[in-house]
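J.: Have a peek at structure-v3.txt (compact mmCIF, C-alpha atoms).
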# COMPACT_ATOMS: atom_id res chain seq x y z
CA MET Z 259 0.00 0.00 0.00
CA GLU Z 260 1.37 3.40 -0.99
CA VAL Z 261 0.40 6.68 0.60
CA THR Z 262 1.09 10.15 -0.79
CA ILE Z 263 0.35 13.51 0.77
CA LYS Z 264 -0.07 16.79 -1.03
CA GLN Z 265 -0.36 19.92 0.99
CA PHE Z 266 -2.62 22.68 -0.22
CA LYS Z 267 -3.11 26.09 1.31
CA ARG Z 268 -6.22 25.20 3.25
CA CYS Z 269 -6.09 21.43 3.46
CA ASP Z 270 -4.11 18.25 2.83
CA LEU Z 271 -4.84 15.63 0.20
CA VAL Z 272 -3.96 12.06 1.11
CA LYS Z 273 -4.05 9.33 -1.49
CA ALA Z 274 -3.67 5.63 -0.76
CA THR Z 275 -3.44 2.78 -3.24
CA GLY Z 276 -3.79 -0.96 -2.71
CA ARG Z 277 -5.00 -2.88 0.33
CA ILE Z 278 -5.77 -1.26 3.65
CA ASP Z 279 -5.66 -4.14 6.13
CA SER Z 280 -4.13 -4.81 9.55
CA ASN Z 281 -0.70 -4.98 7.94
CA THR Z 282 -0.88 -1.68 6.09
CA ALA Z 283 -3.26 0.34 8.29
CA PRO Z 284 -0.46 1.56 10.61
CA LYS Z 285 1.28 3.17 7.64
CA LEU Z 286 -1.92 4.98 6.71
CA ALA Z 287 -2.46 6.06 10.32
CA GLU Z 288 1.08 7.44 10.41
CA ALA Z 289 0.42 9.55 7.33
CA PHE Z 290 -2.69 11.07 8.86
CA ASP Z 291 -0.97 11.54 12.22
CA GLY Z 292 1.78 13.54 10.56
CA ILE Z 293 -0.82 15.96 9.29
CA THR Z 294 -2.86 16.37 12.47
CA LYS Z 295 0.22 16.66 14.65
CA ALA Z 296 1.15 19.64 12.50
CA ASP Z 297 -2.16 21.16 13.58
CA ARG Z 298 -3.78 20.64 10.23
CA PHE Z 299 -7.29 19.16 10.44
CA ARG Z 300 -8.84 19.64 7.01
CA ILE Z 301 -8.07 16.53 5.05
CA VAL Z 302 -9.30 15.02 1.80
CA PHE Z 303 -8.72 11.30 1.42
CA ASP Z 304 -8.64 10.16 -2.22
CA VAL Z 305 -9.91 6.57 -2.01
CA SER Z 306 -9.94 5.85 -5.76
CA GLY Z 307 -6.86 3.64 -5.67
CA VAL Z 308 -7.95 1.54 -2.69
CA ASP Z 309 -9.09 -1.92 -3.69
CA PHE Z 310 -9.76 -3.36 -0.26
CA ILE Z 311 -10.41 -2.02 3.22
CA SER Z 312 -10.95 -4.06 6.38
CA SER Z 313 -12.20 -2.95 9.79
CA ALA Z 314 -8.59 -2.08 10.64
CA GLY Z 315 -8.73 0.55 7.90
CA LEU Z 316 -12.11 1.75 9.06
CA ARG Z 317 -10.63 2.22 12.52
CA VAL Z 318 -8.00 4.57 11.09
CA LEU Z 319 -10.64 6.61 9.27
CA ILE Z 320 -12.90 6.92 12.27
CA ASN Z 321 -10.03 7.97 14.51
CA VAL Z 322 -8.89 10.63 12.05
CA GLN Z 323 -12.45 11.93 11.75
CA LYS Z 324 -12.80 12.13 15.52
CA THR Z 325 -9.56 14.07 15.77
CA CYS Z 326 -10.38 16.46 12.91
CA LYS Z 327 -13.91 17.21 14.00
CA ARG Z 328 -12.99 17.92 17.61
CA TRP Z 329 -13.77 21.54 18.47
CA ASN Z 330 -15.02 22.00 14.93
CA ARG Z 331 -11.53 22.57 13.69
CA GLY Z 332 -11.88 20.52 10.51
CA GLU Z 333 -12.94 17.20 9.03
CA LEU Z 334 -11.94 14.26 6.86
CA VAL Z 335 -13.67 14.16 3.48
CA LEU Z 336 -13.73 10.93 1.47
CA ALA Z 337 -13.32 11.49 -2.27
CA SER Z 338 -13.72 9.21 -5.29
CA VAL Z 339 -14.80 6.25 -3.21
CA PRO Z 340 -15.04 3.05 -5.29
CA GLN Z 341 -18.41 1.33 -5.10
CA ARG Z 342 -17.11 -1.73 -3.25
CA ILE Z 343 -15.50 0.45 -0.59
CA HIS Z 344 -18.66 2.51 -0.28
CA GLU Z 345 -20.62 -0.69 0.29
CA THR Z 346 -18.25 -1.64 3.09
CA LEU Z 347 -18.62 1.78 4.67
CA ASP Z 348 -22.38 1.42 4.38
CA LEU Z 349 -22.39 -2.04 5.94
CA ALA Z 350 -20.38 -0.64 8.85
CA GLY Z 351 -22.84 2.23 9.30
CA PHE Z 352 -20.09 4.70 8.50
CA VAL Z 353 -21.73 6.62 5.66
CA PRO Z 354 -23.51 9.18 7.88
CA LEU Z 355 -20.22 9.94 9.62
CA PHE Z 356 -18.39 11.35 6.60
CA LYS Z 357 -18.83 13.88 3.84
CA PHE Z 358 -18.27 12.40 0.36
CA ALA Z 359 -16.97 14.03 -2.82
CA ASP Z 360 -16.88 12.68 -6.37
CA GLU Z 361 -13.54 14.26 -7.15
CA PRO Z 362 -10.61 14.94 -4.82
CA LEU Z 363 -9.95 18.43 -6.18
CA GLU Z 364 -13.59 19.31 -5.79
CA ALA Z 365 -13.25 18.48 -2.11
CA VAL Z 366 -10.00 20.41 -1.82
CA GLY Z 367 -11.72 23.44 -3.32
CA SER Z 368 -14.59 23.21 -0.90
CA PHE Z 369 -12.44 23.83 2.16
CA MET J 98 -17.37 -32.25 -8.43
CA GLU J 99 -15.47 -31.09 -5.41
CA THR J 100 -11.92 -29.87 -4.97
CA SER J 101 -10.16 -28.98 -1.79
CA GLN J 102 -6.89 -27.28 -0.97
CA THR J 103 -5.26 -26.50 2.35
CA LEU J 104 -2.40 -24.12 3.04
CA THR J 105 -0.82 -23.06 6.31
CA PHE J 106 0.29 -19.48 6.91
CA PRO J 107 2.25 -17.78 9.67
CA GLY J 108 -0.08 -15.93 12.04
CA ARG J 109 1.17 -12.49 11.04
CA TYR J 110 -0.55 -9.54 9.42
CA ASP J 111 1.79 -9.70 6.47
CA SER J 112 0.17 -13.07 5.64
CA LEU J 113 -3.16 -11.38 4.98
CA ALA J 114 -2.43 -10.43 1.37
CA VAL J 115 -1.30 -13.92 0.38
CA ILE J 116 -4.20 -15.55 2.25
CA SER J 117 -6.48 -13.24 0.29
CA GLU J 118 -4.93 -14.38 -2.99
CA PHE J 119 -5.48 -17.99 -1.99
CA VAL J 120 -9.15 -17.62 -1.12
CA THR J 121 -9.74 -15.39 -4.13
CA SER J 122 -8.53 -18.14 -6.49
CA ALA J 123 -10.82 -20.58 -4.74
CA ALA J 124 -13.75 -18.16 -4.91
CA GLU J 125 -13.15 -17.72 -8.64
CA ALA J 126 -12.93 -21.50 -9.11
CA ALA J 127 -16.27 -21.76 -7.32
CA ASN J 128 -17.73 -19.34 -9.87
CA LEU J 129 -18.73 -16.81 -7.28
CA ASP J 130 -19.60 -13.42 -8.73
CA GLU J 131 -17.62 -10.25 -7.96
CA HIS J 132 -19.75 -9.51 -4.95
CA GLY J 133 -19.27 -13.02 -3.62
CA ILE J 134 -15.52 -12.91 -4.14
CA TYR J 135 -15.24 -9.61 -2.28
CA ALA J 136 -17.42 -10.95 0.53
CA VAL J 137 -15.09 -13.92 0.93
CA GLN J 138 -12.01 -11.65 0.91
CA MET J 139 -13.49 -9.44 3.62
CA ALA J 140 -14.78 -12.24 5.84
CA VAL J 141 -11.54 -14.20 5.68
CA ASP J 142 -9.42 -11.11 6.39
CA GLU J 143 -11.48 -10.24 9.45
CA ALA J 144 -11.45 -13.84 10.65
CA CYS J 145 -7.67 -14.14 10.32
CA CYS J 146 -7.17 -10.88 12.21
CA ASN J 147 -9.35 -12.18 15.02
CA ILE J 148 -7.31 -15.38 15.13
CA ILE J 149 -4.04 -13.45 15.35
CA GLU J 150 -5.30 -10.92 17.88
CA HIS J 151 -7.57 -12.99 20.06
CA ALA J 152 -6.80 -16.67 19.65
CA TYR J 153 -3.04 -16.15 19.65
CA GLY J 154 -2.88 -12.82 21.46
CA GLY J 155 -0.54 -11.32 18.88
CA GLU J 156 1.53 -11.85 15.77
CA GLY J 157 4.07 -14.60 15.35
CA ARG J 158 2.58 -16.94 17.96
CA GLY J 159 1.04 -19.60 15.78
CA ASP J 160 -0.07 -20.60 12.33
CA VAL J 161 -3.37 -20.22 10.55
CA GLU J 162 -4.46 -23.20 8.48
CA CYS J 163 -6.79 -22.31 5.64
CA SER J 164 -8.80 -24.91 3.72
CA CYS J 165 -10.85 -24.04 0.67
CA ARG J 166 -13.42 -26.50 -0.59
CA VAL J 167 -15.05 -25.79 -3.94
CA ASN J 168 -18.18 -27.62 -4.98
CA ASP J 169 -21.41 -27.05 -6.87
CA GLU J 170 -22.87 -25.18 -3.93
CA GLY J 171 -20.06 -22.64 -3.79
CA LEU J 172 -17.06 -22.18 -1.54
CA THR J 173 -16.42 -23.38 1.99
CA VAL J 174 -13.47 -21.87 3.84
CA THR J 175 -12.27 -23.41 7.09
CA LEU J 176 -9.72 -21.61 9.24
CA ARG J 177 -7.97 -23.55 12.00
CA ASP J 178 -5.73 -22.28 14.74
CA ARG J 179 -4.16 -23.66 17.93
CA GLY J 180 -4.91 -20.66 20.09
CA ARG J 181 -7.20 -19.82 22.98
CA PRO J 182 -10.84 -20.89 22.70
CA PHE J 183 -12.93 -18.24 21.01
CA ASP J 184 -16.49 -17.70 22.16
CA PRO J 185 -18.29 -15.49 19.64
CA SER J 186 -21.19 -14.93 22.03
CA GLY J 187 -18.78 -12.88 24.14
CA VAL J 188 -18.40 -10.27 21.39
CA PRO J 189 -20.87 -7.38 21.56
CA GLU J 190 -22.70 -6.29 18.42
CA PRO J 191 -21.31 -3.04 17.10
CA ASP J 192 -23.49 0.03 17.57
CA LEU J 193 -24.06 1.16 14.01
CA GLN J 194 -26.00 4.21 15.07
CA ALA J 195 -23.68 5.65 17.67
CA ASP J 196 -22.52 9.25 17.31
CA LEU J 197 -19.04 9.83 15.98
CA GLU J 198 -17.57 10.33 19.44
CA ASP J 199 -18.96 7.04 20.69
CA ARG J 200 -18.33 5.09 17.50
CA ASP J 201 -15.97 2.15 17.68
CA VAL J 202 -14.93 -0.67 15.38
CA GLY J 203 -15.01 -3.38 18.06
CA GLY J 204 -17.12 -6.32 16.93
CA LEU J 205 -17.22 -5.12 13.32
CA GLY J 206 -15.11 -8.00 12.03
CA LEU J 207 -17.49 -10.63 13.35
CA TYR J 208 -20.45 -8.57 12.18
CA PHE J 209 -19.03 -8.41 8.63
CA MET J 210 -18.40 -12.15 8.61
CA ARG J 211 -21.98 -12.91 9.57
CA LYS J 212 -23.49 -10.40 7.14
CA LEU J 213 -21.31 -11.32 4.18
CA MET J 214 -21.17 -15.11 4.42
CA ASP J 215 -24.09 -17.51 4.19
CA GLU J 216 -22.92 -19.67 7.08
CA VAL J 217 -20.47 -19.01 9.90
CA ARG J 218 -19.70 -21.84 12.37
CA PHE J 219 -17.30 -21.78 15.29
CA GLU J 220 -15.95 -24.92 16.91
CA PHE J 221 -13.53 -25.28 19.73
CA MET J 222 -11.77 -28.62 20.02
CA PRO J 223 -10.00 -29.05 23.37
CA GLY J 224 -6.29 -29.57 22.77
CA ALA J 225 -6.64 -28.81 19.08
CA GLY J 226 -7.65 -25.15 18.93
CA ASN J 227 -10.44 -23.41 17.03
CA ALA J 228 -12.05 -24.17 13.69
CA LEU J 229 -14.07 -21.54 11.89
CA THR J 230 -16.09 -22.62 8.86
CA MET J 231 -17.65 -20.12 6.50
CA VAL J 232 -19.74 -20.85 3.42
CA LYS J 233 -20.48 -18.61 0.46
CA ARG J 234 -23.03 -19.98 -1.96
CA LYS J 235 -23.16 -19.20 -5.63
CA GLU J 236 -25.91 -16.84 -6.74
CA ALA J 237 -28.89 -18.77 -8.08
CA GLY J 238 -28.56 -19.35 -11.79
CA SER J 239 -24.78 -19.01 -11.93
Could I get this structure in the form of structure tokens?
T.:
Amino acid sequence: MEVTIKQFKRCDLVKATGRIDSNTAPKLAEAFDGITKADRFRIVFDVSGVDFISSAGLRVLINVQKTCKRWNRGELVLASVPQRIHETLDLAGFVPLFKFADEPLEAVGSF
Amino acid sequence: METSQTLTFPGRYDSLAVISEFVTSAAEAANLDEHGIYAVQMAVDEACCNIIEHAYGGEGRGDVECSCRVNDEGLTVTLRDRGRPFDPSGVPEPDLQADLEDRDVGGLGLYFMRKLMDEVRFEFMPGAGNALTMVKRKEAGS
């Protein structure tokens, strides 16, 4: 699983590709931690390259969202979510907890 | 016609990708559709994580034996470990309506397994560990 981060003026864009499972989730968590520890809490997560996510991955997302939304200082937006991943989020009851965008740059622009 | 294959993997998270490849081939051989294949991938991943975390109490403490049986009905996956007995009734159902602050992923793995697979059976055999059997049937008409 590869993670890239692009910093914009008002937010950060994180992109992950491959499997997000118990083996790779710590790497993803580390990427998000780097951003929030720098006091940046507006994040777009480009999910288009993710072909699998387990509950370990969902745990990372929910923790990032909790951190970002605290004191209304920001949020994590999920962009370009593949259908299969969206179904998993739905099964987990996670859809109401996130804002979704069709395109990552659209989400970046909305911050 | 029925075929069966069994492989043993180290109980480590870096085994998850190769276990997934193994069950995916079996799911394809069973003629499961895309949905079915993904369901098997998810359920098996969650089950293996539970084995590593809960049956063994951590990585590198035991192996996971995975058997895939393909027949006209579909695919049956059996996962065996030599860890602590696992009692699924001890796992609370996840609260899918909780607010963000109260939301947790505990119990989600088991929940996914039960929602995505047609059958989920746990057995504990004293002295021989746990056996978890999951069945995914082909869609009617495939």
J.: Which residue out of J:Ala126, J:Val232, J:Met139, J:Met98 has the minimum interatomic distance to chain Z when only C-alpha atoms are used?
T.: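 Between J:Ala126, J:Val232, J:Met139, J:Met98, the residue approaching chain Z most closely is J:Met139.
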J.: What are the closest atom pairs, with distances in Å to one decimal, for all residues of chain Z lying within 6 Å of chain J? Consider only C-alpha atoms, order rows by chain and residue number, and present the result as a tab-separated table.
T.:
residue	atom	partner	partner_atom	distance
Z:Ser280	CA	J:Tyr110	CA	5.9
Z:Asn281	CA	J:Tyr110	CA	4.8
Z:Arg317	CA	J:Val202	CA	5.9
Z:Gly351	CA	J:Leu193	CA	5.0
J.: With all atoms listed in the file as the counted atoms, please give the residues lying no more than 10 Å from Phe303 (chain Z), apart from itself and same-chain residues fewer than 6 positions off, as a PyMOL selection string.
T.: chain Z and resi 263+270-274+290+319+334-339+358-359+362+365-366
J.: Calculate how many Å separate CA of Leu229 (chain J) from CA of Val141 (chain J), rounding to one decimal.
T.: 9.9 Å
J.: To one decimal in Å, tell me the separation between CA of Gly108 (chain J) and CA of Cys145 (chain J).
T.: 8.0 Å
J.: Please measure the separation of CA of Ala152 (chain J) and CA of Arg277 (chain Z), giving the value in Å to one decimal.
T.: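 So the answer is 23.8 Å.
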J.: Pick out the closest residue to Thr282 (chain Z) from this set: Z:Cys269, Z:Val308, Z:Val302, Z:Ala296. Count only C-alpha atoms.
T.: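 The shortest atom-to-atom distance to Thr282 (chain Z) comes from Z:Val308.
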J.: Extract, using all atoms listed in the file, all DNA, RNA and protein residues at most 8 Å from Leu104 (chain J), discarding same-chain residues fewer than 6 positions from it, and format them as a PyMOL selection string.
T.: chain J and resi 162-164
J.: Return the padded bounding box of region 217-224 of chain J as lines of an AutoDock Vina configuration file: axis-aligned, built from all atoms listed in the file, 6 Å added on each side, with centre and edge lengths in Å to one decimal.
T.:
center_x = -13.4
center_y = -24.3
center_z = 16.6
size_x = 26.2
size_y = 22.6
size_z = 25.5
J.: List the neighbours of Val322 (chain Z) out to 10 Å using all atoms listed in the file; skip same-chain residues closer than 5 positions along the sequence, and give me the result as a list in words.
T.: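 Within the cut-off, the hits are Ala287, Phe290, Asp291, Thr294, Phe299, Ile301, Leu316, Arg317, Lys327, Glu333 and Leu334 of chain Z.
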J.: Give me the residues within 7 Å of region 214-217 of chain J as an MDAnalysis selection string, counting all atoms listed in the file and dropping any in the same chain fewer than 4 places off.
T.: chainID J and resid 136 210 230:234
J.: I need the residue nearest Asn147 (chain J) from this list: Z:Leu286, Z:Ala314, Z:Leu363, Z:Ile293. Use all atoms listed in the file for the distance.
T.: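 So, comparing all the options, the nearest one is Z:Ala314.
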J.: When distances are computed from all atoms listed in the file, which of Z:Leu355, Z:Cys326, Z:Val318, Z:Val305 shows the smallest separation from Arg342 (chain Z)?
T.: Z:Val305
J.: Calculated over all atoms listed in the file, which of the candidates J:Ala123, J:Asp130, J:Arg181, J:Phe219 has the smallest distance to Glu150 (chain J)?
T.: J:Arg181
